[in-house]
>>> print(open('input15.cif').read())   # mmCIF, C-alpha atoms (C1' of nucleotides)
data_my_file
#
loop_
_atom_site.label_atom_id
_atom_site.label_comp_id
_atom_site.auth_asym_id
_atom_site.auth_seq_id
_atom_site.Cartn_x
_atom_site.Cartn_y
_atom_site.Cartn_z
CA MET U 1 48.21 -15.42 -129.47
CA PRO U 2 45.48 -12.91 -129.85
CA TYR U 3 43.38 -11.49 -127.15
CA SER U 4 39.80 -10.71 -127.69
CA ALA U 5 37.06 -10.49 -125.18
CA VAL U 6 34.29 -12.09 -127.06
CA ARG U 7 30.94 -10.78 -126.12
CA TYR U 8 27.89 -11.47 -128.09
CA ARG U 9 24.57 -10.34 -126.78
CA ALA U 10 23.19 -13.79 -127.15
CA ASN U 11 19.48 -13.87 -126.89
CA LEU U 12 18.50 -16.19 -124.12
CA ARG U 13 15.43 -17.29 -125.99
CA ILE U 14 17.39 -18.56 -128.94
CA MET U 15 19.07 -21.63 -127.76
CA HIS U 16 21.11 -23.14 -130.46
CA PRO U 17 21.48 -26.85 -130.07
CA VAL U 18 25.09 -27.73 -129.50
CA ASP U 19 26.25 -31.02 -130.96
CA ALA U 20 29.07 -33.29 -129.89
CA THR U 21 31.73 -31.42 -131.84
CA ASP U 22 30.63 -28.10 -130.41
CA THR U 23 30.85 -29.64 -127.00
CA ARG U 24 34.39 -30.75 -127.66
CA ILE U 25 35.26 -27.23 -128.66
CA LEU U 26 33.64 -25.85 -125.54
CA ARG U 27 35.45 -28.34 -123.38
CA ALA U 28 38.75 -27.46 -124.96
CA LEU U 29 38.04 -23.81 -124.32
CA ALA U 30 37.06 -24.58 -120.79
CA VAL U 31 40.17 -26.58 -120.06
CA ASP U 32 42.60 -24.03 -121.28
CA PRO U 33 42.22 -20.31 -121.10
CA ARG U 34 43.15 -18.58 -124.30
CA ARG U 35 43.17 -20.57 -127.46
CA THR U 36 43.56 -19.60 -131.04
CA VAL U 37 41.33 -21.15 -133.63
CA VAL U 38 44.36 -22.81 -135.13
CA ALA U 39 45.34 -24.35 -131.83
CA LEU U 40 41.83 -25.62 -131.27
CA ALA U 41 41.69 -27.13 -134.74
CA GLN U 42 44.98 -28.90 -134.24
CA GLU U 43 44.02 -30.23 -130.87
CA LEU U 44 40.63 -31.48 -131.92
CA GLY U 45 41.81 -32.87 -135.20
CA LEU U 46 39.53 -30.65 -137.21
CA SER U 47 40.22 -28.27 -140.02
CA ARG U 48 40.64 -24.66 -139.15
CA ASN U 49 37.68 -23.83 -141.35
CA THR U 50 35.41 -26.08 -139.39
CA VAL U 51 36.42 -24.74 -136.04
CA GLN U 52 36.10 -21.21 -137.25
CA ALA U 53 32.61 -21.84 -138.58
CA ARG U 54 31.47 -23.53 -135.41
CA LEU U 55 32.93 -20.83 -133.25
CA SER U 56 31.04 -18.20 -135.20
CA ARG U 57 27.87 -20.12 -134.64
CA LEU U 58 28.58 -20.59 -130.98
CA GLU U 59 29.41 -16.94 -130.52
CA GLN U 60 26.15 -15.94 -132.07
CA HIS U 61 23.89 -18.46 -130.49
CA ALA U 62 25.38 -20.21 -127.51
CA PHE U 63 27.48 -17.61 -125.74
CA LEU U 64 26.15 -15.20 -123.20
CA ALA U 65 27.28 -11.62 -122.92
CA PHE U 66 30.76 -10.78 -121.80
CA ASP U 67 29.53 -9.11 -118.62
CA ARG U 68 29.35 -12.45 -116.94
CA ARG U 69 33.08 -12.74 -116.85
CA ILE U 70 33.56 -9.57 -114.87
CA ASN U 71 34.14 -10.13 -111.19
CA PRO U 72 32.00 -7.65 -109.26
CA ALA U 73 34.45 -7.80 -106.40
CA SER U 74 37.06 -6.22 -108.65
CA LEU U 75 34.71 -3.36 -109.24
CA GLY U 76 34.50 -2.75 -105.53
CA TYR U 77 31.42 -4.80 -104.74
CA PRO U 78 32.65 -7.69 -102.65
CA LEU U 79 29.31 -8.47 -101.08
CA LEU U 80 26.87 -10.80 -102.79
CA ALA U 81 23.31 -11.23 -101.64
CA PHE U 82 20.18 -12.93 -102.85
CA ILE U 83 17.06 -10.97 -102.21
CA THR U 84 13.70 -12.66 -102.41
CA VAL U 85 10.85 -10.32 -103.22
CA HIS U 86 7.13 -10.74 -102.65
CA VAL U 87 5.01 -8.46 -104.76
CA GLN U 88 1.47 -7.69 -105.73
CA GLN U 89 1.44 -9.86 -108.76
CA ARG U 90 -0.56 -7.61 -111.03
CA LYS U 91 2.04 -4.90 -110.57
CA LEU U 92 4.84 -7.22 -111.58
CA GLY U 93 5.61 -5.34 -114.78
CA PRO U 94 6.19 -1.90 -113.28
CA ILE U 95 8.02 -3.44 -110.36
CA THR U 96 10.40 -5.21 -112.66
CA GLU U 97 11.10 -1.96 -114.44
CA ALA U 98 11.69 -0.15 -111.20
CA ILE U 99 14.03 -2.80 -109.90
CA ALA U 100 15.93 -2.85 -113.15
CA GLN U 101 16.82 0.76 -112.42
CA ILE U 102 18.91 -0.31 -109.45
CA PRO U 103 22.46 -0.83 -110.68
CA GLU U 104 23.43 -3.29 -107.99
CA VAL U 105 20.82 -5.77 -109.13
CA LEU U 106 22.81 -8.01 -111.43
CA GLU U 107 20.00 -10.29 -112.41
CA GLY U 108 16.43 -10.99 -111.45
CA HIS U 109 14.30 -14.05 -112.02
CA GLY U 110 10.60 -14.58 -111.77
CA LEU U 111 9.92 -17.64 -109.69
CA THR U 112 7.30 -20.23 -109.11
CA GLY U 113 6.40 -20.91 -105.52
CA THR U 114 5.84 -18.60 -102.63
CA ALA U 115 8.31 -15.94 -103.63
CA ASP U 116 7.80 -13.91 -106.76
CA LEU U 117 11.27 -12.61 -107.53
CA LEU U 118 14.80 -13.62 -106.81
CA LEU U 119 17.42 -10.94 -107.23
CA ARG U 120 21.17 -11.32 -107.34
CA VAL U 121 22.55 -8.20 -105.76
CA VAL U 122 26.06 -6.96 -105.09
CA ALA U 123 27.04 -4.29 -102.61
CA VAL U 124 30.00 -2.37 -101.32
CA ASP U 125 29.32 -3.25 -97.71
CA ALA U 126 26.53 -4.14 -95.34
CA GLU U 127 25.31 -0.60 -95.08
CA ASP U 128 25.19 -0.38 -98.84
CA LEU U 129 23.18 -3.57 -98.97
CA PHE U 130 20.74 -2.15 -96.48
CA ARG U 131 20.32 0.91 -98.65
CA ILE U 132 19.73 -1.19 -101.76
CA ASN U 133 17.18 -3.28 -99.95
CA GLY U 134 15.44 -0.06 -99.05
CA LYS U 135 15.29 0.95 -102.69
CA ILE U 136 13.70 -2.34 -103.56
CA LEU U 137 11.18 -2.03 -100.78
CA ALA U 138 10.37 1.44 -101.97
CA CYS U 139 9.13 0.17 -105.30
CA ASP U 140 5.38 0.44 -105.56
CA GLY U 141 3.82 -2.99 -105.26
CA VAL U 142 6.65 -4.64 -103.36
CA GLU U 143 5.24 -6.17 -100.21
CA ARG U 144 8.19 -7.83 -98.59
CA THR U 145 11.82 -8.70 -99.16
CA ASP U 146 14.05 -11.34 -97.65
CA THR U 147 17.73 -10.69 -97.85
CA ALA U 148 20.15 -13.58 -97.66
CA LEU U 149 23.80 -12.73 -97.68
CA ALA U 150 26.04 -15.12 -99.58
CA MET U 151 28.62 -16.21 -97.05
CA GLY U 152 30.66 -18.32 -99.37
CA GLU U 153 30.63 -19.86 -102.80
CA LEU U 154 30.43 -23.43 -101.60
CA VAL U 155 30.07 -24.78 -105.10
CA PRO U 156 31.97 -22.39 -107.34
CA PHE U 157 30.36 -21.82 -110.68
CA ARG U 158 31.16 -24.56 -113.13
CA MET U 159 29.83 -25.96 -116.35
CA ASP U 160 32.45 -28.61 -116.88
CA PRO U 161 30.43 -31.54 -115.51
CA LEU U 162 27.72 -30.83 -118.04
CA LEU U 163 30.26 -30.49 -120.83
CA GLU U 164 31.92 -33.74 -119.86
CA ARG U 165 28.61 -35.46 -120.14
CA GLY U 166 28.08 -34.24 -123.68
CA PRO U 167 25.04 -32.63 -125.22
CA ARG U 168 21.58 -33.68 -124.19
CA PRO U 169 19.02 -34.55 -126.86
CA ALA U 170 17.31 -31.26 -125.98
CA GLY U 171 14.19 -32.75 -124.51
CA MET Z 1 40.20 -9.81 -135.97
CA PRO Z 2 41.29 -12.64 -133.82
CA TYR Z 3 39.08 -14.88 -131.89
CA SER Z 4 40.02 -16.15 -128.52
CA ALA Z 5 37.81 -17.27 -125.76
CA VAL Z 6 39.62 -15.82 -122.87
CA ARG Z 7 39.25 -17.86 -119.79
CA TYR Z 8 41.35 -17.37 -116.77
CA ARG Z 9 40.54 -19.31 -113.68
CA ALA Z 10 40.33 -16.16 -111.68
CA ASN Z 11 40.36 -16.82 -108.00
CA LEU Z 12 37.30 -15.32 -106.47
CA ARG Z 13 39.18 -14.46 -103.34
CA ILE Z 14 41.68 -12.30 -105.09
CA MET Z 15 39.86 -9.22 -106.09
CA HIS Z 16 42.05 -6.89 -107.91
CA PRO Z 17 40.97 -3.31 -107.58
CA VAL Z 18 39.96 -1.95 -110.93
CA ASP Z 19 40.68 1.71 -111.56
CA ALA Z 20 38.99 4.18 -113.86
CA THR Z 21 41.02 3.21 -116.90
CA ASP Z 22 40.32 -0.46 -116.37
CA THR Z 23 36.68 0.41 -116.15
CA ARG Z 24 36.84 2.22 -119.45
CA ILE Z 25 38.36 -0.85 -121.00
CA LEU Z 26 35.69 -3.06 -119.51
CA ARG Z 27 32.99 -0.75 -120.73
CA ALA Z 28 34.43 -0.75 -124.20
CA LEU Z 29 34.52 -4.50 -124.12
CA ALA Z 30 30.98 -4.60 -122.84
CA VAL Z 31 29.66 -2.28 -125.51
CA ASP Z 32 31.12 -4.10 -128.43
CA PRO Z 33 31.64 -7.81 -128.70
CA ARG Z 34 35.00 -8.71 -130.08
CA ARG Z 35 37.72 -6.18 -129.93
CA THR Z 36 41.38 -6.38 -130.69
CA VAL Z 37 43.82 -4.78 -128.35
CA VAL Z 38 44.75 -2.37 -131.12
CA ALA Z 39 41.16 -1.34 -131.59
CA LEU Z 40 40.69 -0.79 -127.88
CA ALA Z 41 43.84 1.28 -127.65
CA GLN Z 42 42.77 3.48 -130.53
CA GLU Z 43 39.31 3.94 -129.17
CA LEU Z 44 40.39 4.78 -125.66
CA GLY Z 45 43.28 6.94 -126.73
CA LEU Z 46 45.83 4.77 -125.00
CA SER Z 47 48.92 3.10 -126.27
CA ARG Z 48 48.67 -0.50 -127.28
CA ASN Z 49 51.21 -1.39 -124.64
CA THR Z 50 49.09 0.06 -121.90
CA VAL Z 51 45.95 -1.68 -122.95
CA GLN Z 52 47.80 -4.93 -123.32
CA ALA Z 53 49.28 -4.66 -119.86
CA ARG Z 54 45.97 -3.79 -118.27
CA LEU Z 55 44.21 -6.56 -120.08
CA SER Z 56 46.73 -9.06 -118.80
CA ARG Z 57 46.11 -7.84 -115.30
CA LEU Z 58 42.38 -7.96 -115.74
CA GLU Z 59 42.51 -11.43 -117.18
CA GLN Z 60 44.49 -12.67 -114.26
CA HIS Z 61 42.68 -10.91 -111.49
CA ALA Z 62 39.31 -9.55 -112.51
CA PHE Z 63 37.89 -12.02 -114.98
CA LEU Z 64 35.94 -15.07 -114.02
CA ALA Z 65 36.22 -18.38 -115.81
CA PHE Z 66 34.97 -18.78 -119.32
CA ASP Z 67 32.25 -21.22 -118.28
CA ARG Z 68 30.03 -18.35 -117.38
CA ARG Z 69 29.57 -17.42 -120.97
CA ILE Z 70 28.17 -20.76 -121.96
CA ASN Z 71 24.41 -20.83 -122.26
CA PRO Z 72 23.16 -23.97 -120.54
CA ALA Z 73 20.10 -23.91 -122.78
CA SER Z 74 22.36 -24.55 -125.75
CA LEU Z 75 23.65 -27.63 -124.04
CA GLY Z 76 20.14 -28.96 -123.74
CA TYR Z 77 19.26 -27.69 -120.29
CA PRO Z 78 16.59 -25.07 -120.86
CA LEU Z 79 15.18 -25.22 -117.35
CA LEU Z 80 16.64 -23.08 -114.60
CA ALA Z 81 15.73 -23.51 -110.97
CA PHE Z 82 16.87 -22.19 -107.64
CA ILE Z 83 16.86 -24.79 -104.92
CA THR Z 84 17.00 -23.73 -101.33
CA VAL Z 85 18.46 -26.34 -99.01
CA HIS Z 86 18.12 -26.70 -95.27
CA VAL Z 87 20.78 -28.88 -93.72
CA GLN Z 88 22.16 -30.08 -90.44
CA GLN Z 89 24.75 -27.40 -90.15
CA ARG Z 90 27.51 -29.50 -88.73
CA LYS Z 91 27.33 -31.75 -91.78
CA LEU Z 92 27.70 -28.81 -94.12
CA GLY Z 93 31.12 -29.89 -95.38
CA PRO Z 94 30.21 -33.38 -96.54
CA ILE Z 95 26.92 -32.12 -97.90
CA THR Z 96 28.68 -29.54 -99.99
CA GLU Z 97 30.95 -32.20 -101.41
CA ALA Z 98 28.04 -34.47 -102.17
CA ILE Z 99 26.09 -31.74 -103.87
CA ALA Z 100 29.13 -30.74 -105.89
CA GLN Z 101 28.98 -34.20 -107.43
CA ILE Z 102 25.71 -33.36 -109.11
CA PRO Z 103 26.53 -31.99 -112.56
CA GLU Z 104 23.37 -29.96 -112.93
CA VAL Z 105 24.25 -27.81 -109.93
CA LEU Z 106 25.95 -24.85 -111.57
CA GLU Z 107 26.74 -22.97 -108.41
CA GLY Z 108 25.96 -23.11 -104.73
CA HIS Z 109 26.14 -20.43 -102.08
CA GLY Z 110 26.12 -20.62 -98.35
CA LEU Z 111 23.57 -18.19 -97.01
CA THR Z 112 22.74 -16.27 -93.91
CA GLY Z 113 19.18 -16.47 -92.74
CA THR Z 114 16.78 -19.34 -92.51
CA ALA Z 115 18.06 -21.27 -95.48
CA ASP Z 116 21.54 -22.73 -95.51
CA LEU Z 117 22.23 -23.22 -99.17
CA LEU Z 118 21.07 -21.74 -102.43
CA LEU Z 119 21.75 -23.78 -105.53
CA ARG Z 120 21.48 -22.72 -109.12
CA VAL Z 121 20.38 -25.79 -111.00
CA VAL Z 122 19.66 -26.48 -114.65
CA ALA Z 123 17.63 -29.35 -116.00
CA VAL Z 124 16.46 -30.91 -119.21
CA ASP Z 125 12.82 -30.89 -118.22
CA ALA Z 126 10.55 -30.98 -115.19
CA GLU Z 127 11.03 -34.66 -114.68
CA ASP Z 128 14.77 -34.18 -114.77
CA LEU Z 129 14.50 -31.44 -112.20
CA PHE Z 130 12.50 -33.72 -109.98
CA ARG Z 131 15.21 -36.33 -110.25
CA ILE Z 132 17.94 -33.81 -109.40
CA ASN Z 133 15.98 -32.60 -106.43
CA GLY Z 134 15.83 -36.19 -105.29
CA LYS Z 135 19.59 -36.51 -105.52
CA ILE Z 136 19.98 -33.45 -103.35
CA LEU Z 137 17.51 -34.72 -100.81
CA ALA Z 138 19.36 -38.02 -100.75
CA CYS Z 139 22.52 -36.36 -99.45
CA ASP Z 140 23.10 -37.25 -95.83
CA GLY Z 141 22.34 -34.29 -93.63
CA VAL Z 142 19.95 -32.55 -95.99
CA GLU Z 143 16.70 -31.93 -94.19
CA ARG Z 144 14.57 -30.08 -96.69
CA THR Z 145 14.69 -28.49 -100.09
CA ASP Z 146 12.55 -25.84 -101.70
CA THR Z 147 12.57 -25.76 -105.45
CA ALA Z 148 11.67 -22.58 -107.24
CA LEU Z 149 11.54 -22.73 -110.99
CA ALA Z 150 12.79 -19.67 -112.81
CA MET Z 151 9.90 -18.63 -115.02
CA GLY Z 152 11.65 -15.77 -116.73
CA GLU Z 153 14.75 -13.67 -116.56
CA LEU Z 154 12.94 -10.48 -115.63
CA VAL Z 155 16.17 -8.58 -115.17
CA PRO Z 156 18.64 -10.13 -117.60
CA PHE Z 157 22.14 -10.32 -116.28
CA ARG Z 158 23.98 -7.08 -116.65
CA MET Z 159 26.98 -5.33 -115.24
CA ASP Z 160 26.82 -2.20 -117.34
CA PRO Z 161 25.12 -0.01 -114.74
CA LEU Z 162 27.95 -0.68 -112.33
CA LEU Z 163 30.53 -0.03 -115.02
CA GLU Z 164 28.86 3.21 -116.00
CA ARG Z 165 29.09 4.34 -112.46
CA GLY Z 166 32.82 3.73 -112.35
CA PRO Z 167 34.90 1.95 -109.75
CA ARG Z 168 33.97 2.15 -106.10
CA PRO Z 169 36.62 3.02 -103.53
CA ALA Z 170 36.49 -0.61 -102.43
CA GLY Z 171 35.00 -0.03 -99.04
"C1'" DG X 1 59.00 21.14 -103.42
"C1'" DC X 2 61.78 16.96 -104.46
"C1'" DC X 3 62.54 11.98 -105.18
"C1'" DG X 4 61.44 7.47 -106.63
"C1'" DA X 5 58.30 4.18 -108.27
"C1'" DA X 6 54.88 3.04 -111.32
"C1'" DA X 7 52.54 3.83 -115.47
"C1'" DC X 8 52.49 5.22 -120.09
"C1'" DT X 9 54.29 6.06 -124.80
"C1'" DG X 10 56.41 5.01 -129.12
"C1'" DA X 11 58.92 2.15 -131.88
"C1'" DG X 12 60.32 -2.07 -133.92
"C1'" DC X 13 60.35 -6.97 -135.20
"C1'" DA X 14 59.30 -11.85 -136.21
"C1'" DG X 15 55.88 -15.04 -136.22
"C1'" DG X 16 51.75 -16.34 -137.16
"C1'" DA X 17 46.61 -15.92 -136.69
"C1'" DT X 18 42.61 -14.22 -138.85
"C1'" DG X 19 39.13 -13.70 -142.35
"C1'" DC X 20 37.85 -14.95 -146.57
"C1'" DC X 21 37.85 -17.36 -150.91
"C1'" DC X 22 37.22 -21.70 -153.64
"C1'" DT X 23 36.70 -26.70 -154.63
"C1'" DA X 24 36.69 -31.63 -153.85
"C1'" DT X 25 35.28 -34.98 -150.60
"C1'" DT X 26 32.83 -37.17 -146.85
"C1'" DC X 27 28.93 -38.04 -144.18
"C1'" DG X 28 24.21 -38.60 -143.02
"C1'" DG X 29 19.35 -38.46 -143.80
"C1'" DC X 30 15.58 -39.16 -146.78
"C1'" DG G 1 20.81 -44.24 -154.45
"C1'" DC G 2 20.49 -39.17 -154.31
"C1'" DC G 3 20.82 -34.59 -152.23
"C1'" DG G 4 22.42 -31.32 -149.06
"C1'" DA G 5 25.15 -30.03 -145.26
"C1'" DA G 6 29.40 -30.24 -143.12
"C1'" DT G 7 34.29 -30.76 -143.62
"C1'" DA G 8 39.06 -30.80 -145.38
"C1'" DG G 9 42.61 -28.57 -147.79
"C1'" DG G 10 44.89 -24.96 -150.01
"C1'" DG G 11 45.89 -20.16 -150.68
"C1'" DC G 12 46.40 -15.11 -149.81
"C1'" DA G 13 46.60 -10.39 -147.97
"C1'" DT G 14 46.12 -8.13 -143.84
"C1'" DC G 15 47.45 -6.97 -139.58
"C1'" DC G 16 47.37 -8.57 -134.74
"C1'" DT G 17 49.99 -10.44 -131.11
"C1'" DG G 18 53.77 -10.92 -127.92
"C1'" DC G 19 57.85 -9.16 -126.58
"C1'" DT G 20 61.55 -5.87 -125.71
"C1'" DC G 21 63.67 -1.40 -124.76
"C1'" DA G 22 64.36 3.30 -123.72
"C1'" DG G 23 62.52 7.68 -122.75
"C1'" DT G 24 58.85 10.41 -120.67
"C1'" DT G 25 55.02 11.42 -117.75
"C1'" DT G 26 52.27 10.93 -113.65
"C1'" DC G 27 51.55 10.27 -109.00
"C1'" DG G 28 52.22 9.74 -104.11
"C1'" DG G 29 55.05 10.07 -100.09
"C1'" DC G 30 58.28 12.49 -97.46
#
>>> encode(input="input15.cif", output="structure tokens")
Amino acid sequence: MPYSAVRYRANLRIMHPVDATDTRILRALAVDPRRTVVALAQELGLSRNTVQARLSRLEQHAFLAFDRRINPASLGYPLLAFITVHVQQRKLGPITEAIAQIPEVLEGHGLTGTADLLLRVVAVDAEDLFRINGKILACDGVERTDTALAMGELVPFRMDPLLERGPRPAG
Amino acid sequence: MPYSAVRYRANLRIMHPVDATDTRILRALAVDPRRTVVALAQELGLSRNTVQARLSRLEQHAFLAFDRRINPASLGYPLLAFITVHVQQRKLGPITEAIAQIPEVLEGHGLTGTADLLLRVVAVDAEDLFRINGKILACDGVERTDTALAMGELVPFRMDPLLERGPRPAG
DNA sequence: GCCGAAACTGAGCAGGATGCCCTATTCGGC
DNA sequence: GCCGAATAGGGCATCCTGCTCAGTTTCGGC
């Protein structure tokens, strides 16, 4: 059974609609760790060709980058924090660029509501987190930050419930 | 070149320290999408055996579940929102369980600070999000929710900067 | 400086998966 | 009822995987 860490830089904008068969494939993948195309085909009662074609499509359009599967804790960053950032809105562009320079910021979202940015940040320890927060505050245009330390993953990441339910009619 | 959607239910608690060589492997994986063990070994100047052994270890200890690579948008959930939840703290357990029943909640973290919970939620559309928010509010013990819609992924998820930097001494 | 454990290398082997081709057939929408 | 897309089925050369074993190197502790 082959190993291969699939990682396609899927563009978030392009969202390829996934049909029922794709969903079955995804579910099968989700249930069991490493599967060969042949095994999948057998299990789903499809021809190997079909599965292979659909997997190619999924890889190109429906899979996110491989990064997401790397556990930051393994890299030595056991602390996870969510930092809310209030900024001068017209400086949002430069601020985003500046924040993107900080390695510990894993992802950042622009938000509606009172806060402007939500950052997912990892850190080596509390002191490290303090330092990172300082770097964010130092960015020109940042007015305030609120740091919330993640104490526990109360609902561990999962996609299964959505897969179980099957694909939505995309609207 | 084989395909295989690697997915090990890595326990978040167990964080296997990743050394420099592991990091090189991860970086190689991150740079290029699908790689065979042979290709990795060649590229890194290691023996196939070594790479294979390290990959097994990484799969078991440093990789998160495969779910994370699935783009919710492809499943028909293009909307992403972060919902902050204030709860009666002593009911946190039951609340967590109740919230975990909601499929659209992809992950939930317990937080320090004013808010108690931060949920990552996907939805089909605004109306759907409203409905989901209602389900959360309906959980016994939930006092208030704040929904922030993610307008854009200003800093797209990435781990590369941390990988570039190499492993931290885990403390 | 020495010892032992852990990691790495190199080799080999059987099984089988991949990637790709082609064609006939089925299915669904128009 | 027709057309196009998706699928099944078969085939083939390549070469990857998983596993084992022994010998060598590296590294850390004493």
>>> resolve_selection(input="input15.cif", expression="the PyMOL selection byres ((chain X) within 7 of (chain Z))", output="CSV table (one decimal) with C-alpha atoms (C1' of nucleotides), keeping the file's coordinate frame")
chain,number,residue,atom,x,y,z
X,8,DC,C1',52.5,5.2,-120.1
X,9,DT,C1',54.3,6.1,-124.8
X,17,DA,C1',46.6,-15.9,-136.7
X,18,DT,C1',42.6,-14.2,-138.8
>>> closest_residue(input="input15.cif", among="G:DC19, G:DC27, G:DA6, G:DA13", to="chain U", atoms="all atoms listed in the file")
G:DA6
>>> closest_residue(input="input15.cif", among="U:Pro17, U:Ala98, U:Gln52, U:Pro161", to="chain G", atoms="only C-alpha atoms (C1' of nucleotides)")
U:Gln52
>>> resolve_selection(input="input15.cif", expression="the PyMOL selection byres ((chain X and resi 25) around 9)", output="PDB file with C-alpha atoms (C1' of nucleotides), in the coordinates of the input")
ATOM      1  C1'  DA X  24      36.690 -31.630-153.850  1.00  0.00           C
ATOM      2  C1'  DT X  26      32.830 -37.170-146.850  1.00  0.00           C
TER       3       DT X  26
ATOM      4  C1'  DT G   7      34.290 -30.760-143.620  1.00  0.00           C
ATOM      5  C1'  DA G   8      39.060 -30.800-145.380  1.00  0.00           C
TER       6       DA G   8
END
>>> axis_aligned_box(input="input15.cif", around="region 17-25 of chain X", padding_each_side="3 Å", output="JSON")
{"center_x": 40.9, "center_y": -24.3, "center_z": -145.7, "size_x": 17.3, "size_y": 27.3, "size_z": 23.9}
>>> resolve_selection(input="input15.cif", expression="the PyMOL selection byres ((chain Z and resi 167) around 6)", output="ChimeraX atom specification")
/U:75 /Z:166,168
